[in-house]
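Notes follow the structure.
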Amino acid sequence: MTDTLTPVLTDDWDAAQSWKLATYESRGGYGALKKALGMAQDDIITAVKDSGLRGRGGAGFPTGMKWSFIPQDNPKPKYLVVNADESEPGTCKDIPLMMASPHTLVEGVAISSYAIRANKAFIYIRGEVLHVIRRVQAAVAEAYLAGHLGKNIHGSGYDLDVVVHAGAGAYICGEETALLEGLEGRRGQPRLRPPFPAVAGLYASPTVINNVESIASVPSIIANGADWFGSMGTEKSKGFGIFSLSGHVANPGQYEAPLGITLRQLIELAGGIRSGHELKFWTPGGSSTPLLTAEHLDVPLDFEGVGEAGSMLGTRALQIFDETTCVVRAVLRWTEFYKHESCGKCTPCREGTWWLTQTLARLENGQGSAEDLDLLVDQCENILGRSFCALGDGATSPITSSIQYFREEYLAHLEHGGCPLDPMASTAFATEGASA
Amino acid sequence: MIDEKTYAELREIADRYPEKRSGLLPMLHLVQSAAGQITPEGIEACAEILEISAAEVSGVATFYTMYKRRPVGDYHVGVCTNTLCAVMGGDAIFSRLKDHLDVGNDETTEDGKITLEHIECNAACDYAPVMMVNWEFMDNQTPASATQLVDDLREGKEVRSTRGPKICTWREAERVLAGFPDGLADEGPSAGPASLVGLKIAREQGWTAPAGSTSEEKAND
Ligand SMILES: Cc1cc2nc3c(=O)[nH]c(=O)nc-3n(C[C@H](O)[C@H](O)[C@H](O)COP(=O)(O)O)c2cc1C
Ligand code: SF4
Ligand code: FES
């Protein structure tokens with residue numbers, strides 16, 4: 001039996017000055033890079049394929065397969081782009097990883113770039129995390145000095161340049177083709193696919209885009225083997241992942257576990273729902289994944305399990321809300337977020353998110369009528385599957401799922417002429433009196 | 001002011017990339033660092049270096065929320081009011097600060113010290129309610145700690161990020177985002193307490209990844 005928690009990516013985080021190269025190397029860091037440089041590139045791709053690693057940025061696409069789509073007969077340069085935009089509400093794993101252990105990412109970048117035959121890699125970090133950007137900049141600089149990056153890495157003849165690129169505030173730039181637009185110095189609006197980035201990505205050249213956690217998992221796979229990775233997790237969702245608990249639990253934070261752990265187990269590890277309260281609803285993988293409730297406590301948190309429960313594993317961003325939280329308020333706020341972040345390229349999302357906020361705001365104020373719930377569902381149906389990118393789809397998730405599970409609470413707003421709950425009761429300082 | 005030095009640095013940013021237009025986002029960060037906001041002069045400089053029209057640069061500058069068309073104070077104070085933080089107290093903090101500073105969203109105090117803005121999820125939900133000062137983490141805030149924080153900033157007292165260095169000015173921060181490090185990477189802890197909760201339990205329980213696991217294999221290397 002695998003242990004309940006399996007720190008691999010988080011294993012260095014409690015070391016003194018864990019972000020420094022010396023610390024990382026003293027714990028075996030960059031050993032996997034040296035091993036990889038002695039392997040044939042296709043064998044690395046095969047190892048990542050065999051490990052069963054699936055993208056940790058939300059969609060769960062098999063990483064090794066993505067790499068194998070890079071047409072090696074294409075004469076253009078190949079690029080690796082790391083998606084470090086982490087902006088999906090609730091998601092907070094890549095940021096602490098880059099702060100505590102940036103070299104895990106940099107080593108992963110070097111191995112992955114070598115495997116896909118890229119000589120240039122970009123790490124696109126959201127701009128709003130200054131200290132994380134400092135740490136990654138410093139790690140890249142240290143890695144150059146130590147010969148882990150640059151020309152003729154460790155005498156292998158392989159060259160790699162890494163550029164750390166700061167974004168400028170746009171959730172949509174987490175969408176991989178919008179990210180490429182941002183990286184090309186344009187407005188972050190998604191591109192039509194096909195062509196897929198593997199064929200025509202950055203500068204219309206073959207490009208792999210992977211999430212921070214996906215790339216950071218690669219060194220451990222090369223060091224320990226595909227079977228080791230596959231010995232954790234479930235049949236189709238292999239390996240470990242960082243589960244981020246936030247909200248109304250006693251000890252919110254990061255818990256690295258094999259995929260397939262349940263929320264019941266995680267909440268227990270987190271010291272339970274905060275004292276005197278009970279679970280009301282939660283997101284399994286950020287605000288774009290349909291809400292679940294206490295009936296789903298035993299759903300295995302892997303791609304299949306959460307899918308069968310009617311939601312998505314997403315980024316394992318477990319936002320936990322207890323009974324003091326108004327679901328209508330929560331959903332309205334997320335919808336305002338999607339409206340604000342809609343890039344405006346397509347009508348269903350641009351117009352639709354505007355209409356959704358109007359209807360929801362009316363309901364939250366206790367105005368409108370029960371028919372507005374049907375109107376909302378109808379509006380969602382006109383957005384879901386008709387938007388140009390997954391932002392529009394995601395915007396509908398909290399709405400349709402909350403109406404499915406909490407129709408009564410919407411109606412209570414109408415009966416009550418507004419929200420029946422006290423917003424102060426849900427705050428972290430409700431019991432401390434700190435708000436006085 | 002886009003002086004000669006800044007102009008040269010803008011070029012230097014463009015040169016980091018295989019195609020120079022890729023430098024535009026960091027270049028605009030540098031414009032903000034030099035000029036305190038996005039200025040017509042800064043837009044012209046970027047356009048000239050990248051050989052694109054000023055309208056194109058402008059179109060990019062208006063798309064991204066971190067670029068500001070009005071002067072920003074020494075301290076940009078962001079309060080996360082996305083759902084999780086809002087519910088945990090971000091809404092109460094934001095409304096308290098608006099009253100306390102007597103400004104609205106995206107406005108600057110009369111002394112030019114503080115620009116207040118409500119922000120979206122900043123990837124720190126396990127530290128809710130979260131504030132950011134010049135994009136440094138200020139974790140686990142309350143209305144009382146938030147008012148103290150802005151008072152300290154206005155009085156010029158030393159303020160440290162809960163997970164980083166002493167707070168620098170907004171313009172200094174923008175320079176780092178443009179890719180010119182300030183040498184402060186070694187300040188602050190590896191991780192805040194919430195980042196380590198799972199690891200701490202694993203250590204107490206003796207839980208690890210299976211044998212052949214990274215730590216053991218690494219030790220044999
Ligand atoms: C609106 C939107 C935002 C996204 N934000 C992120 C993000 O911040 N980080 C990320 O890795 N993936 C994000 N994604 C997913 C990416 O498009 C892409 O699937 C992912 O980076 C691929 O990497 P992976 O295969 O390693 O998961 C987002 C997708 C959408 C539609
Ligand atoms: S769905 Fe929304 S974010 Fe995506 S392309 Fe359309 S308008 Fe832009
Ligand atoms: S919701 Fe505030 S940091 Fe995520």
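By convention in this document, the chains of the structure tokens carry letters A, B, ... by their order, each chain's residues are numbered from 1, and ligands are numbered from 1 in the order they are shown.
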### Message
As a quick test: using only C-alpha atoms and all ligand atoms, which residues lie no more than 7 Å away from ligand 3? Give them as an NGL selection string.
### Response
(:A and (89-91)) or (:B and (80-85 or 120-125 or 128-130))
Saved selection, atoms kept: C-alpha atoms, as a PDB file, in the first residue's frame:
ATOM      1  CA  PRO A  89      -9.583  30.625  -8.913  1.00  0.00           C
ATOM      2  CA  GLY A  90      -8.635  28.240  -6.131  1.00  0.00           C
ATOM      3  CA  THR A  91      -5.443  27.035  -7.761  1.00  0.00           C
TER       4      THR A  91
ATOM      5  CA  CYS B  80      -8.301  39.644  -3.294  1.00  0.00           C
ATOM      6  CA  THR B  81     -12.059  39.624  -3.645  1.00  0.00           C
ATOM      7  CA  ASN B  82     -12.404  36.517  -5.733  1.00  0.00           C
ATOM      8  CA  THR B  83     -14.917  34.146  -4.162  1.00  0.00           C
ATOM      9  CA  LEU B  84     -12.788  32.216  -1.681  1.00  0.00           C
ATOM     10  CA  CYS B  85     -11.032  35.261  -0.253  1.00  0.00           C
ATOM     11  CA  GLU B 120      -8.614  38.422  -8.627  1.00  0.00           C
ATOM     12  CA  CYS B 121      -7.378  35.129  -7.193  1.00  0.00           C
ATOM     13  CA  ASN B 122      -3.649  35.487  -6.664  1.00  0.00           C
ATOM     14  CA  ALA B 123      -2.871  31.784  -6.245  1.00  0.00           C
ATOM     15  CA  ALA B 124      -2.633  31.991  -2.470  1.00  0.00           C
ATOM     16  CA  CYS B 125      -6.092  30.790  -1.459  1.00  0.00           C
ATOM     17  CA  ALA B 128      -7.079  33.653   2.628  1.00  0.00           C
ATOM     18  CA  PRO B 129      -7.911  36.449   3.010  1.00  0.00           C
ATOM     19  CA  VAL B 130      -4.983  37.568   0.892  1.00  0.00           C
TER      20      VAL B 130
END
### Query
What do you get as a PyMOL selection string if you pick all residues at most 8 Å from ligand 1, counting only C-alpha atoms and all ligand atoms?
chain A and resi 54-63+66+82-88+171-177+209-215+389-392+394
### Message
List as a PyMOL selection string the protein and nucleic acid residues near Trp170 in chain B, meaning an atom at most 7 Å away when only C-alpha atoms are counted, but skip any in the same chain fewer than 2 places from it.
### Response
chain B and resi 74-76+134+168+172-174
### Message
as a ChimeraX atom specification, please: every protein or nucleic acid residue near ligand 2 (cut-off 12 Å, counting only C-alpha atoms and all ligand atoms).
### Response
/A:170-179,187-193,337-354,382-396
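Among the candidate residues B:Arg69, B:Ser33, B:Gly90, B:Val103, the one lying nearest to chain A is B:Gly90, with distances computed using only C-alpha atoms.
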Report as a compact mmCIF listing (two decimals) with N, CA and C atoms, in the first residue's frame all protein, DNA and RNA residues lying within 9 Å of Asp50 in chain A, evaluated on only C-alpha atoms, omitting residues in the same chain fewer than 6 positions from it.
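New file selection-v5.txt:
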# COMPACT_ATOMS: atom_id res chain seq x y z
N GLY A 64 3.56 12.61 -22.25
CA GLY A 64 4.47 11.97 -23.20
C GLY A 64 3.89 11.96 -24.61
N ALA A 226 9.60 4.95 -14.87
CA ALA A 226 8.17 5.06 -15.17
C ALA A 226 7.34 4.17 -14.23
N ASP A 227 7.86 2.99 -13.90
CA ASP A 227 7.09 2.07 -13.05
C ASP A 227 6.89 2.64 -11.65
N GLY A 230 4.19 5.10 -11.86
CA GLY A 230 2.91 4.41 -12.08
C GLY A 230 2.46 3.57 -10.90
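Nearest to Lys20 in chain B of all the residues A:Ile133, A:Leu183, A:Ala118, A:Met65 is A:Leu183, counting only C-alpha atoms.
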### Query
Mind checking DSSP for range 95-177 of chain B and telling me the helix (DSSP H, G or I) residues as a PyMOL selection string?
chain B and resi 95-101+125-127+143-154+170-177
#### Entry: Test item, strand (DSSP E) assignment across range 15-212 of chain B, answer as a list in words
Tyr75, His76, Val77, Gly78, Val79, Cys80, Glu107, Thr108, Ile114, Thr115, Leu116, Glu117, His118, Ile119, Met131, Met132, Val133, Glu136, Phe137 and Met138 of chain B
